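Source file final26.txt; content: compact mmCIF, C-alpha atoms and all ligand atoms.
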# COMPACT_ATOMS: atom_id res chain seq x y z
CA MET A 5 134.75 81.25 100.03
CA GLU A 6 136.64 80.92 103.33
CA SER A 7 136.13 84.37 104.78
CA LYS A 8 138.37 86.40 107.03
CA LYS A 9 136.89 88.80 109.51
CA VAL A 10 135.82 92.14 108.09
CA SER A 11 136.74 95.18 110.18
CA LYS A 12 136.47 98.23 107.91
CA ILE A 13 133.59 98.72 105.52
CA GLY A 14 133.42 101.14 102.60
CA VAL A 15 130.14 102.20 101.02
CA LEU A 16 129.54 103.86 97.66
CA THR A 17 126.70 104.74 95.31
CA SER A 18 127.21 104.15 91.60
CA GLY A 19 125.39 104.55 88.27
CA GLY A 20 122.11 106.47 88.19
CA ASP A 21 120.98 108.00 91.47
CA ALA A 22 117.79 106.72 93.06
CA PRO A 23 115.72 108.06 95.96
CA GLY A 24 116.42 105.96 99.04
CA MET A 25 120.15 105.63 98.44
CA ASN A 26 120.74 107.91 101.43
CA ALA A 27 118.61 105.68 103.64
CA ALA A 28 120.74 102.71 102.53
CA ILE A 29 124.01 104.57 103.24
CA ARG A 30 122.69 105.49 106.69
CA ALA A 31 121.79 101.87 107.43
CA VAL A 32 125.21 100.58 106.33
CA ILE A 33 127.09 103.15 108.40
CA ARG A 34 125.03 102.75 111.55
CA THR A 35 124.92 98.95 111.42
CA SER A 36 128.70 98.85 110.91
CA ILE A 37 129.27 101.12 113.89
CA TYR A 38 126.82 99.11 116.00
CA HIS A 39 128.97 96.03 115.33
CA GLY A 40 132.16 97.88 116.27
CA LEU A 41 133.42 98.18 112.69
CA GLU A 42 134.88 101.28 111.09
CA ALA A 43 132.87 102.76 108.24
CA PHE A 44 134.04 104.79 105.25
CA GLY A 45 132.18 106.76 102.63
CA ILE A 46 133.53 106.67 99.08
CA MET A 47 132.62 109.65 96.90
CA ARG A 48 131.32 109.45 93.30
CA GLY A 49 131.13 105.68 93.01
CA TYR A 50 134.13 103.86 91.60
CA SER A 51 135.71 107.20 90.62
CA GLY A 52 136.21 108.08 94.28
CA MET A 53 137.83 104.71 94.91
CA ILE A 54 140.32 105.40 92.12
CA ASP A 55 140.89 109.06 93.09
CA ASP A 56 141.20 108.20 96.78
CA ASP A 57 138.22 110.33 97.70
CA ILE A 58 137.41 108.27 100.77
CA PHE A 59 136.58 109.47 104.28
CA LYS A 60 135.73 108.00 107.64
CA MET A 61 132.08 108.26 108.64
CA GLU A 62 130.48 108.30 112.04
CA SER A 63 126.93 107.78 113.15
CA ARG A 64 126.34 111.55 113.03
CA SER A 65 127.65 111.75 109.43
CA VAL A 66 124.38 110.22 108.30
CA ALA A 67 122.04 112.25 110.50
CA ASN A 68 119.12 113.95 108.77
CA ILE A 69 119.53 112.21 105.41
CA ILE A 70 116.92 109.43 105.45
CA GLN A 71 114.32 111.76 103.94
CA ARG A 72 116.57 113.19 101.22
CA GLY A 73 116.63 112.12 97.57
CA GLY A 74 119.89 111.88 95.59
CA THR A 75 122.95 110.59 97.41
CA ILE A 76 125.22 112.39 99.86
CA LEU A 77 128.12 110.33 98.49
CA LYS A 78 127.37 111.53 94.93
CA THR A 79 127.38 109.06 92.10
CA ALA A 80 129.26 108.70 88.84
CA ARG A 81 130.05 106.43 85.97
CA SER A 82 133.75 105.59 85.83
CA LYS A 83 135.46 104.64 82.56
CA GLU A 84 138.71 103.98 84.40
CA PHE A 85 137.08 101.26 86.50
CA LEU A 86 136.31 99.32 83.33
CA GLU A 87 140.06 98.69 83.01
CA TYR A 88 142.13 96.45 85.24
CA GLU A 89 144.61 99.26 85.93
CA GLY A 90 141.80 101.46 87.30
CA ARG A 91 140.50 98.70 89.52
CA LYS A 92 144.02 97.99 90.82
CA LYS A 93 144.45 101.65 91.74
CA ALA A 94 141.11 101.52 93.55
CA TYR A 95 142.20 98.39 95.41
CA GLU A 96 145.44 99.99 96.55
CA ASN A 97 143.53 102.96 97.96
CA LEU A 98 141.25 100.69 99.94
CA LYS A 99 144.14 98.50 101.09
CA LYS A 100 146.19 101.38 102.49
CA ARG A 101 143.23 102.29 104.74
CA GLY A 102 142.59 98.69 105.66
CA ILE A 103 139.11 98.67 104.10
CA ASP A 104 138.27 94.99 103.75
CA GLY A 105 134.61 94.97 102.78
CA LEU A 106 132.54 96.99 100.29
CA VAL A 107 128.86 97.78 99.91
CA ILE A 108 127.91 98.96 96.44
CA ILE A 109 124.53 100.59 95.97
CA GLY A 110 123.71 100.75 92.26
CA GLY A 111 122.36 98.98 89.21
CA ASP A 112 123.50 95.95 87.24
CA GLY A 113 126.43 97.84 85.67
CA SER A 114 127.74 98.63 89.13
CA PHE A 115 127.37 94.96 90.06
CA LYS A 116 129.40 93.94 87.01
CA GLY A 117 132.16 96.18 88.31
CA ALA A 118 131.81 94.74 91.81
CA GLN A 119 131.88 91.19 90.49
CA LYS A 120 135.12 91.80 88.58
CA PHE A 121 136.69 93.64 91.50
CA SER A 122 135.87 90.89 94.01
CA ASN A 123 137.18 88.20 91.64
CA GLU A 124 140.47 90.05 91.14
CA PHE A 125 141.17 91.27 94.66
CA ASP A 126 140.62 90.02 98.21
CA ILE A 127 137.85 92.48 99.08
CA PRO A 128 134.35 91.02 99.40
CA CYS A 129 131.55 93.05 97.86
CA ILE A 130 127.86 93.24 98.64
CA GLY A 131 125.47 94.79 96.11
CA LEU A 132 122.27 96.62 96.99
CA PRO A 133 119.84 97.11 94.09
CA GLY A 134 119.55 100.89 93.81
CA THR A 135 117.76 101.83 90.62
CA ILE A 136 114.45 103.44 89.71
CA ASP A 137 114.15 101.04 86.76
CA LYS A 138 113.43 97.86 88.80
CA ASP A 139 115.30 95.89 86.17
CA ILE A 140 117.27 93.60 88.48
CA ALA A 141 116.28 89.99 89.18
CA GLY A 142 116.55 88.59 92.72
CA SER A 143 114.47 91.22 94.48
CA ASP A 144 110.82 92.21 94.44
CA PHE A 145 111.95 95.77 95.11
CA THR A 146 114.77 98.02 94.05
CA ILE A 147 115.63 101.13 96.02
CA GLY A 148 114.07 104.14 94.28
CA PHE A 149 111.43 102.45 92.14
CA ASP A 150 108.51 103.14 94.45
CA THR A 151 109.36 106.84 94.71
CA ALA A 152 109.88 107.19 90.96
CA VAL A 153 106.64 105.44 90.08
CA ASN A 154 104.70 107.51 92.61
CA THR A 155 106.17 110.69 91.11
CA ALA A 156 105.06 109.49 87.68
CA VAL A 157 101.55 108.70 88.98
CA GLU A 158 101.21 112.15 90.55
CA ALA A 159 102.31 113.82 87.31
CA ILE A 160 100.06 111.68 85.09
CA ASP A 161 97.04 112.39 87.32
CA LYS A 162 97.67 116.10 86.73
CA ILE A 163 98.04 115.57 83.01
CA ARG A 164 94.72 113.71 82.96
CA ASP A 165 92.99 116.77 84.42
CA THR A 166 94.17 119.00 81.60
CA ALA A 167 93.61 116.27 78.99
CA ASP A 168 90.04 116.01 80.24
CA ALA A 169 89.46 119.77 80.10
CA HIS A 170 90.48 119.91 76.43
CA ASP A 171 89.51 116.42 75.21
CA ARG A 172 93.09 115.75 74.36
CA LEU A 173 95.17 112.71 73.67
CA PHE A 174 98.28 112.79 75.82
CA ILE A 175 101.37 110.72 75.22
CA VAL A 176 103.39 110.57 78.43
CA GLU A 177 106.93 109.25 78.32
CA VAL A 178 108.35 107.83 81.52
CA MET A 179 111.83 106.58 82.42
CA GLY A 180 113.03 103.01 82.87
CA ARG A 181 115.84 102.67 80.31
CA ASP A 182 115.23 99.29 78.68
CA ALA A 183 112.72 98.21 81.33
CA GLY A 184 108.99 98.93 81.31
CA TYR A 185 108.15 98.70 85.00
CA ILE A 186 107.65 102.42 85.61
CA ALA A 187 105.42 102.67 82.53
CA LEU A 188 103.41 99.56 83.36
CA HIS A 189 102.82 100.38 87.01
CA SER A 190 102.18 104.10 86.55
CA GLY A 191 99.98 103.35 83.52
CA ILE A 192 97.78 100.86 85.38
CA ALA A 193 97.62 103.09 88.45
CA THR A 194 96.44 106.09 86.44
CA GLY A 195 94.03 104.22 84.19
CA ALA A 196 96.04 104.85 81.03
CA GLU A 197 94.29 103.68 77.88
CA ASN A 198 97.48 102.27 76.36
CA ILE A 199 100.82 101.32 77.84
CA LEU A 200 103.82 100.72 75.61
CA ILE A 201 106.80 98.92 77.09
CA PRO A 202 109.92 97.21 75.76
CA GLU A 203 109.02 93.82 77.26
CA THR A 204 106.11 93.38 74.85
CA LYS A 205 105.96 93.88 71.11
CA THR A 206 104.40 97.24 70.40
CA ASP A 207 101.71 96.75 67.79
CA ILE A 208 101.20 100.17 66.22
CA GLU A 209 98.19 98.98 64.20
CA ASP A 210 96.59 97.78 67.40
CA LEU A 211 97.29 101.15 69.08
CA ILE A 212 95.83 103.12 66.15
CA GLU A 213 92.81 100.83 66.03
CA SER A 214 92.19 101.20 69.76
CA LEU A 215 92.50 105.02 69.62
CA THR A 216 90.23 105.24 66.55
CA GLU A 217 87.68 103.01 68.18
CA LYS A 218 87.71 105.23 71.28
CA GLU A 219 87.25 108.27 69.11
CA ARG A 220 84.21 106.60 67.54
CA ARG A 221 82.80 105.99 71.01
CA GLN A 222 83.52 109.64 71.80
CA LYS A 223 85.94 108.62 74.53
CA LEU A 224 87.92 111.72 73.99
CA VAL A 225 90.39 111.69 76.86
CA ASN A 226 93.13 109.26 76.14
CA LEU A 227 96.39 108.70 77.90
CA VAL A 228 99.15 106.67 76.36
CA VAL A 229 102.06 105.93 78.70
CA VAL A 230 105.25 105.06 76.86
CA ALA A 231 108.44 103.68 78.35
CA GLU A 232 111.51 105.50 77.09
CA GLY A 233 112.91 102.14 75.98
CA ASP A 234 109.95 101.10 73.84
CA GLU A 235 111.09 99.73 70.48
CA PHE A 236 109.28 102.48 68.57
CA GLY A 237 111.16 105.12 70.54
CA GLY A 238 109.72 107.41 73.20
CA GLY A 239 106.82 109.84 73.37
CA ASN A 240 107.80 112.04 70.42
CA GLU A 241 108.14 109.12 68.02
CA ILE A 242 104.80 107.61 69.04
CA ALA A 243 103.08 111.01 68.82
CA ALA A 244 104.44 111.55 65.30
CA ILE A 245 102.96 108.23 64.18
CA ILE A 246 99.57 108.98 65.79
CA LYS A 247 99.44 112.49 64.28
CA ARG A 248 100.12 111.03 60.87
CA ARG A 249 97.51 108.28 61.20
CA ILE A 250 94.79 110.15 63.14
CA PRO A 251 95.19 113.81 62.13
CA SER A 252 91.96 114.78 63.89
CA ALA A 253 93.32 113.83 67.33
CA ASP A 254 94.38 116.78 69.47
CA THR A 255 97.66 115.24 70.58
CA ARG A 256 100.21 116.48 73.12
CA VAL A 257 103.43 114.93 74.40
CA CYS A 258 104.81 115.17 77.92
CA ILE A 259 108.22 113.73 78.76
CA LEU A 260 108.45 113.41 82.52
CA GLY A 261 112.23 113.08 82.57
CA HIS A 262 114.41 113.62 85.59
CA ILE A 263 111.72 114.63 88.05
CA GLN A 264 111.24 110.87 88.38
CA ARG A 265 114.71 110.53 89.90
CA GLY A 266 114.50 113.25 92.49
CA GLY A 267 112.48 113.96 95.59
CA SER A 268 112.05 112.58 99.03
CA PRO A 269 111.91 108.76 99.09
CA THR A 270 108.59 107.11 99.91
CA CYS A 271 108.15 105.19 103.15
CA LEU A 272 108.56 101.91 101.23
CA ASP A 273 111.87 102.99 99.69
CA ARG A 274 113.19 104.14 103.07
CA LEU A 275 112.18 100.84 104.65
CA ILE A 276 113.65 98.54 102.01
CA ALA A 277 116.83 100.63 101.84
CA SER A 278 117.21 100.44 105.63
CA ARG A 279 116.54 96.71 105.65
CA MET A 280 118.91 95.97 102.78
CA GLY A 281 121.65 98.21 104.21
CA PHE A 282 121.39 96.47 107.57
CA HIS A 283 121.61 93.01 105.99
CA ALA A 284 124.50 94.02 103.73
CA VAL A 285 126.67 94.58 106.80
CA GLU A 286 125.44 91.35 108.41
CA CYS A 287 126.44 89.53 105.20
CA LEU A 288 129.96 90.93 105.34
CA ILE A 289 130.28 89.99 109.01
CA ASN A 290 128.86 86.48 108.53
CA GLY A 291 130.97 85.63 105.50
CA LYS A 292 128.10 85.70 102.97
CA HIS A 293 130.21 87.45 100.39
CA ASN A 294 129.80 88.69 96.81
CA VAL A 295 126.04 88.61 96.80
CA MET A 296 123.30 91.06 95.99
CA VAL A 297 120.92 91.59 98.89
CA GLY A 298 117.29 91.52 97.79
CA ILE A 299 113.84 90.99 99.25
CA VAL A 300 111.58 88.28 97.85
CA ASN A 301 108.17 87.51 99.39
CA ASN A 302 109.07 89.78 102.31
CA LYS A 303 112.16 87.71 103.16
CA MET A 304 115.80 88.53 102.58
CA HIS A 305 117.09 86.91 99.43
CA TYR A 306 120.74 86.65 98.40
CA THR A 307 121.78 86.35 94.77
CA PRO A 308 125.43 85.69 93.86
CA LEU A 309 126.72 88.79 92.04
CA ASP A 310 127.54 86.57 89.06
CA ASN A 311 123.84 85.77 88.63
CA ALA A 312 122.61 89.24 89.57
CA VAL A 313 124.35 90.76 86.56
CA LYS A 314 122.88 88.25 84.14
CA ALA A 315 119.17 88.08 84.92
CA LYS A 316 116.60 90.82 84.39
CA GLN A 317 113.45 90.97 86.46
CA LYS A 318 110.54 89.49 84.49
CA ILE A 319 107.13 91.11 84.50
CA PRO A 320 104.48 88.64 85.72
CA GLU A 321 102.08 87.76 82.85
CA ASP A 322 98.91 88.81 84.66
CA TRP A 323 99.97 92.47 84.65
CA PHE A 324 99.68 92.57 80.87
CA ARG A 325 96.12 91.21 80.96
CA ILE A 326 95.15 93.51 83.81
CA ALA A 327 96.48 96.52 81.89
CA LYS A 328 94.56 95.56 78.74
CA ILE A 329 91.25 94.58 80.32
CA LEU A 330 91.00 97.50 82.74
CA ALA A 331 91.76 100.08 80.05
CA SER A 332 88.83 99.17 77.83
P1 LIG B 401 121.75 102.42 86.39
O1 LIG B 401 120.95 101.15 86.23
O2 LIG B 401 121.07 103.38 87.26
O3 LIG B 401 122.27 103.00 85.12
P2 LIG B 401 124.21 101.04 86.74
O4 LIG B 401 124.92 100.59 87.97
O5 LIG B 401 123.70 99.96 85.83
O6 LIG B 401 123.06 102.02 87.22
P3 LIG B 401 126.31 101.75 84.86
O7 LIG B 401 126.67 103.07 84.29
O8 LIG B 401 125.95 100.66 83.92
O9 LIG B 401 125.15 102.04 85.91
O10 LIG B 401 127.56 101.23 85.74
C1 LIG B 401 128.13 102.04 86.75
C2 LIG B 401 129.61 101.88 86.76
O11 LIG B 401 129.95 100.52 87.04
C3 LIG B 401 130.30 102.18 85.43
O12 LIG B 401 130.53 103.55 85.24
C4 LIG B 401 131.62 101.44 85.59
O13 LIG B 401 132.54 102.18 86.35
C5 LIG B 401 131.19 100.21 86.40
N1 LIG B 401 131.00 99.08 85.48
C6 LIG B 401 129.94 98.82 84.67
N2 LIG B 401 130.16 97.71 83.92
C7 LIG B 401 131.39 97.27 84.24
C8 LIG B 401 132.21 96.19 83.80
N3 LIG B 401 131.79 95.31 82.88
N4 LIG B 401 133.43 96.06 84.35
C9 LIG B 401 133.88 96.92 85.29
N5 LIG B 401 133.17 97.97 85.74
C10 LIG B 401 131.94 98.15 85.24
Could the structure of this file be written out as structure tokens, please?
Amino acid sequence: MESKKVSKIGVLTSGGDAPGMNAAIRAVIRTSIYHGLEAFGIMRGYSGMIDDDIFKMESRSVANIIQRGGTILKTARSKEFLEYEGRKKAYENLKKRGIDGLVIIGGDGSFKGAQKFSNEFDIPCIGLPGTIDKDIAGSDFTIGFDTAVNTAVEAIDKIRDTADAHDRLFIVEVMGRDAGYIALHSGIATGAENILIPETKTDIEDLIESLTEKERRQKLVNLVVVAEGDEFGGGNEIAAIIKRRIPSADTRVCILGHIQRGGSPTCLDRLIASRMGFHAVECLINGKHNVMVGIVNNKMHYTPLDNAVKAKQKIPEDWFRIAKILAS
């Protein structure tokens, strides 16, 4: 694409919030200002673009936010943006302010919106992967995953203490939508006996056999970490099956839920968000348009938005073996 010079950049957060989004906003605003560009914040994702909830930001507007979870720009899901009319309205609002470049921090749904928008109108878009689910291909990291998985680890460690005191079987459900990364990583890191994720077929007979065998060996503390997107359902569904099949097991369920989204971002999330935000602005300036900025093997990696919305991040095979062998 022959690119014209970008002079005014808008930034928004869209879809589910993720810790580290504020660090990314800060990086976009400050890098834009460093390069002499004007920077605008857009409230509530694509909804703010449509409702004209857009304001100029300065370097001080993003002071004291790098350590905060959530997003100062708020986030939303916008039905109107799914329609051409909504996107046109959004375009007109940007146009009247002269905004000629966009940075979208969100998940693959947000990138689908960005892809359509940049195909229809003359505003280049850069996507930053902001999701706790780590379900986007083209980056080893997504903003928010490290914080979410560390929150899950901290919680599961606490659950193990009480499970140990009572010889209980705990089923812990973690987030991730249809991806199993939070479950796999938090499960391995906490020594969970079983990890159930959507990327692998959940073999209930195998699970029952492994729990029964552990009972025989008097291994009484058992942790099963279940991804919310597992094909058998979440923690409650798995617990119901186990209670039916092993009535003697003292079983409890804990659904970690939204605590995994909140909280102060880890150092890693702050760093990748800062790095990605910085490079998003450089992309707009250098004419590398309509890409998602990722990091692969510690180097910046740019995926065309078209591809970013299609591919899911695959879990390397060895993780499955590690999880199985170390849990025995
Ligand atoms: P998360 O992974 O955290 O849920 P996400 O970015 O995938 O984040 P979505 O709700 O899927 O979250 O998408 C966010 C917004 O992006 C939607 O509310 C909608 O406004 C826009 N969007 C999603 N898909 C499309 C599409 N096909 N066309 C236009 N806009 C879209």
ask   = Hey, what's within 10 Å of region 85-96 of chain A if we count all atoms listed in the file and toss same-chain stuff fewer than 5 positions away? As an MDAnalysis selection string, please?
value = chainID A and resid 49:56 101:104 116:118 120:122 124:127
Write out, as a Markdown table, each residue of chain A that has an atom at most 6 Å from ligand LIG 401 (chain B), together with the closest pair of atoms and their distance in Å to one decimal, counting only C-alpha atoms and all ligand atoms, rows going by chain and rising number.
| residue | atom | partner | partner_atom | distance |
| --- | --- | --- | --- | --- |
| A:Ser18 | CA | B:LIG401 | C1 | 5.4 |
| A:Gly19 | CA | B:LIG401 | O9 | 3.5 |
| A:Gly20 | CA | B:LIG401 | O2 | 3.4 |
| A:Tyr50 | CA | B:LIG401 | O13 | 5.7 |
| A:Arg81 | CA | B:LIG401 | O12 | 3.0 |
| A:Ser82 | CA | B:LIG401 | O13 | 3.7 |
| A:Lys83 | CA | B:LIG401 | O13 | 5.4 |
| A:Phe85 | CA | B:LIG401 | O13 | 4.6 |
| A:Leu86 | CA | B:LIG401 | C9 | 3.9 |
| A:Gly110 | CA | B:LIG401 | O4 | 4.5 |
| A:Gly111 | CA | B:LIG401 | O4 | 3.3 |
| A:Asp112 | CA | B:LIG401 | O5 | 4.3 |
| A:Gly113 | CA | B:LIG401 | O8 | 3.4 |
| A:Ser114 | CA | B:LIG401 | O11 | 3.6 |
| A:Lys116 | CA | B:LIG401 | C7 | 4.8 |
| A:Gly117 | CA | B:LIG401 | N5 | 3.3 |
| A:Thr135 | CA | B:LIG401 | O2 | 5.0 |
Taking C-alpha atoms for each residue, export the selection above as a short mmCIF file (atom, residue, chain, number, x, y, z; two decimals), keeping the file's coordinate frame.
data_model
loop_
_atom_site.label_atom_id
_atom_site.label_comp_id
_atom_site.auth_asym_id
_atom_site.auth_seq_id
_atom_site.Cartn_x
_atom_site.Cartn_y
_atom_site.Cartn_z
CA SER A 18 127.21 104.15 91.60
CA GLY A 19 125.39 104.55 88.27
CA GLY A 20 122.11 106.47 88.19
CA TYR A 50 134.13 103.86 91.60
CA ARG A 81 130.05 106.43 85.97
CA SER A 82 133.75 105.59 85.83
CA LYS A 83 135.46 104.64 82.56
CA PHE A 85 137.08 101.26 86.50
CA LEU A 86 136.31 99.32 83.33
CA GLY A 110 123.71 100.75 92.26
CA GLY A 111 122.36 98.98 89.21
CA ASP A 112 123.50 95.95 87.24
CA GLY A 113 126.43 97.84 85.67
CA SER A 114 127.74 98.63 89.13
CA LYS A 116 129.40 93.94 87.01
CA GLY A 117 132.16 96.18 88.31
CA THR A 135 117.76 101.83 90.62
#
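Across the structure, CA of Ile69 (chain A) and CA of Val32 (chain A) are spaced 13.0 Å apart.
Between CA of Ser332 (chain A) and CA of Arg220 (chain A) lies a distance of 13.5 Å.
Each of A:Ala152, A:Ile199, A:Val295, A:Leu98 was compared to Val15 (chain A) using all atoms listed in the file, and A:Leu98 turns out to be the nearest.
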query = Between A:Gly281, A:Gly239, A:Gly73, A:Pro202, which is the closest to Leu106 (chain A) once you count only C-alpha atoms?
reply = A:Gly281
Would you mind listing, for every residue of region 232-282 of chain A within 8 Å of region 137-148 of chain A, the two atoms forming the shortest contact and the distance between them in Å to one decimal, using all atoms listed in the file, sorted by chain and ascending residue number, as a Markdown table?
| residue | atom | partner | partner_atom | distance |
| --- | --- | --- | --- | --- |
| A:Arg265 | CA | A:Gly148 | CA | 7.8 |
| A:Pro269 | CA | A:Gly148 | CA | 7.0 |
| A:Asp273 | CA | A:Ile147 | CA | 5.6 |
| A:Ile276 | CA | A:Ile147 | CA | 6.8 |
| A:Ala277 | CA | A:Ile147 | CA | 6.0 |
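Take CA of Thr255 (chain A) and CA of Leu173 (chain A): the distance between them is 4.7 Å.
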query = Looking at A:Met25, A:Ile58, A:Leu200, A:Leu132, which one is nearest to Thr79 (chain A), with distances taken over only C-alpha atoms?
reply = A:Met25
remark   = Min atom-atom distance to Asn226 (chain A) from the set A:Ile212, A:Ala244, A:Ile109, A:Ile175, counting only C-alpha atoms, belongs to A:Ile175
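Restricting the calculation to only C-alpha atoms, the smallest distance between Thr270 (chain A) and any of A:Ala284, A:Ile245, A:Val176, A:Val153 is found for A:Val153.
The environment of Glu209 (chain A) within 12 Å, counting all atoms listed in the file and disregarding residues fewer than 3 places along the same chain, consists of Lys205, Thr206, Ile212, Glu213, Ser214, Leu215, Thr216, Glu217, Ile242, Ile245, Ile246, Arg249 and Ile250 of chain A.
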Contacts of Lys78 (chain A) at 6 Å (all atoms listed in the file; same-chain gap of 3+ positions) as a PDB file with C-alpha atoms, keeping the file's coordinate frame:
ATOM      1  CA  MET A  47     132.620 109.650  96.900  1.00  0.00           C
ATOM      2  CA  ARG A  48     131.320 109.450  93.300  1.00  0.00           C
ATOM      3  CA  THR A  75     122.950 110.590  97.410  1.00  0.00           C
TER       4      THR A  75
END
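Proximity of A:Thr151, A:Ile160, A:Glu219, A:Val285 to Gly40 (chain A), computed with all atoms listed in the file, is greatest for A:Val285.
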query = Residues at most 12 Å from Glu158 (chain A), counting all atoms listed in the file, excluding those fewer than 6 positions away in the same chain, as a ChimeraX atom specification?
reply = /A:151-152,164-165,190-191,193-194,260,263-264
Take region 34-56 of chain A, bring it up to N, CA and C atoms, and give me the output as a PDB file, in the frame of the given file.
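Output file rebuild.pdb follows:
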ATOM      1  N   ARG A  34     125.435 102.943 110.152  1.00  0.00           N
ATOM      2  CA  ARG A  34     125.030 102.750 111.550  1.00  0.00           C
ATOM      3  C   ARG A  34     125.100 101.284 111.977  1.00  0.00           C
ATOM      4  N   THR A  35     124.807 100.374 111.054  1.00  0.00           N
ATOM      5  CA  THR A  35     124.920  98.950 111.420  1.00  0.00           C
ATOM      6  C   THR A  35     126.391  98.583 111.612  1.00  0.00           C
ATOM      7  N   SER A  36     127.257  99.128 110.765  1.00  0.00           N
ATOM      8  CA  SER A  36     128.700  98.850 110.910  1.00  0.00           C
ATOM      9  C   SER A  36     129.182  99.326 112.271  1.00  0.00           C
ATOM     10  N   ILE A  37     128.809 100.546 112.617  1.00  0.00           N
ATOM     11  CA  ILE A  37     129.270 101.120 113.890  1.00  0.00           C
ATOM     12  C   ILE A  37     128.693 100.335 115.070  1.00  0.00           C
ATOM     13  N   TYR A  38     127.457  99.923 114.938  1.00  0.00           N
ATOM     14  CA  TYR A  38     126.820  99.110 116.000  1.00  0.00           C
ATOM     15  C   TYR A  38     127.652  97.847 116.269  1.00  0.00           C
ATOM     16  N   HIS A  39     128.195  97.277 115.185  1.00  0.00           N
ATOM     17  CA  HIS A  39     128.970  96.030 115.330  1.00  0.00           C
ATOM     18  C   HIS A  39     130.446  96.300 115.655  1.00  0.00           C
ATOM     19  N   GLY A  40     130.776  97.552 115.899  1.00  0.00           N
ATOM     20  CA  GLY A  40     132.160  97.880 116.270  1.00  0.00           C
ATOM     21  C   GLY A  40     133.108  97.951 115.083  1.00  0.00           C
ATOM     22  N   LEU A  41     132.564  98.081 113.876  1.00  0.00           N
ATOM     23  CA  LEU A  41     133.420  98.180 112.690  1.00  0.00           C
ATOM     24  C   LEU A  41     133.644  99.642 112.349  1.00  0.00           C
ATOM     25  N   GLU A  42     134.690  99.922 111.602  1.00  0.00           N
ATOM     26  CA  GLU A  42     134.880 101.280 111.090  1.00  0.00           C
ATOM     27  C   GLU A  42     134.167 101.394 109.745  1.00  0.00           C
ATOM     28  N   ALA A  43     133.630 102.591 109.482  1.00  0.00           N
ATOM     29  CA  ALA A  43     132.870 102.760 108.240  1.00  0.00           C
ATOM     30  C   ALA A  43     133.424 103.949 107.449  1.00  0.00           C
ATOM     31  N   PHE A  44     133.489 103.760 106.145  1.00  0.00           N
ATOM     32  CA  PHE A  44     134.040 104.790 105.250  1.00  0.00           C
ATOM     33  C   PHE A  44     133.066 105.091 104.119  1.00  0.00           C
ATOM     34  N   GLY A  45     132.957 106.366 103.796  1.00  0.00           N
ATOM     35  CA  GLY A  45     132.180 106.760 102.630  1.00  0.00           C
ATOM     36  C   GLY A  45     133.135 106.957 101.454  1.00  0.00           C
ATOM     37  N   ILE A  46     132.712 106.514 100.293  1.00  0.00           N
ATOM     38  CA  ILE A  46     133.530 106.670  99.080  1.00  0.00           C
ATOM     39  C   ILE A  46     132.745 107.562  98.123  1.00  0.00           C
ATOM     40  N   MET A  47     133.338 108.669  97.715  1.00  0.00           N
ATOM     41  CA  MET A  47     132.620 109.650  96.900  1.00  0.00           C
ATOM     42  C   MET A  47     132.581 109.229  95.428  1.00  0.00           C
ATOM     43  N   ARG A  48     131.484 109.585  94.765  1.00  0.00           N
ATOM     44  CA  ARG A  48     131.320 109.450  93.300  1.00  0.00           C
ATOM     45  C   ARG A  48     131.606 108.019  92.800  1.00  0.00           C
ATOM     46  N   GLY A  49     131.050 107.065  93.473  1.00  0.00           N
ATOM     47  CA  GLY A  49     131.130 105.680  93.010  1.00  0.00           C
ATOM     48  C   GLY A  49     132.562 105.196  92.871  1.00  0.00           C
ATOM     49  N   TYR A  50     132.797 104.442  91.801  1.00  0.00           N
ATOM     50  CA  TYR A  50     134.130 103.860  91.600  1.00  0.00           C
ATOM     51  C   TYR A  50     135.180 104.948  91.328  1.00  0.00           C
ATOM     52  N   SER A  51     134.744 106.117  90.871  1.00  0.00           N
ATOM     53  CA  SER A  51     135.710 107.200  90.620  1.00  0.00           C
ATOM     54  C   SER A  51     136.406 107.605  91.911  1.00  0.00           C
ATOM     55  N   GLY A  52     135.631 107.691  92.994  1.00  0.00           N
ATOM     56  CA  GLY A  52     136.210 108.080  94.280  1.00  0.00           C
ATOM     57  C   GLY A  52     137.183 107.041  94.822  1.00  0.00           C
ATOM     58  N   MET A  53     136.922 105.778  94.483  1.00  0.00           N
ATOM     59  CA  MET A  53     137.830 104.710  94.910  1.00  0.00           C
ATOM     60  C   MET A  53     139.177 104.882  94.195  1.00  0.00           C
ATOM     61  N   ILE A  54     139.099 105.244  92.921  1.00  0.00           N
ATOM     62  CA  ILE A  54     140.320 105.400  92.120  1.00  0.00           C
ATOM     63  C   ILE A  54     141.054 106.693  92.505  1.00  0.00           C
ATOM     64  N   ASP A  55     140.279 107.767  92.755  1.00  0.00           N
ATOM     65  CA  ASP A  55     140.890 109.060  93.090  1.00  0.00           C
ATOM     66  C   ASP A  55     141.205 109.218  94.572  1.00  0.00           C
ATOM     67  N   ASP A  56     140.949 108.180  95.344  1.00  0.00           N
ATOM     68  CA  ASP A  56     141.200 108.200  96.780  1.00  0.00           C
ATOM     69  C   ASP A  56     140.346 109.240  97.509  1.00  0.00           C
TER      70      ASP A  56
END
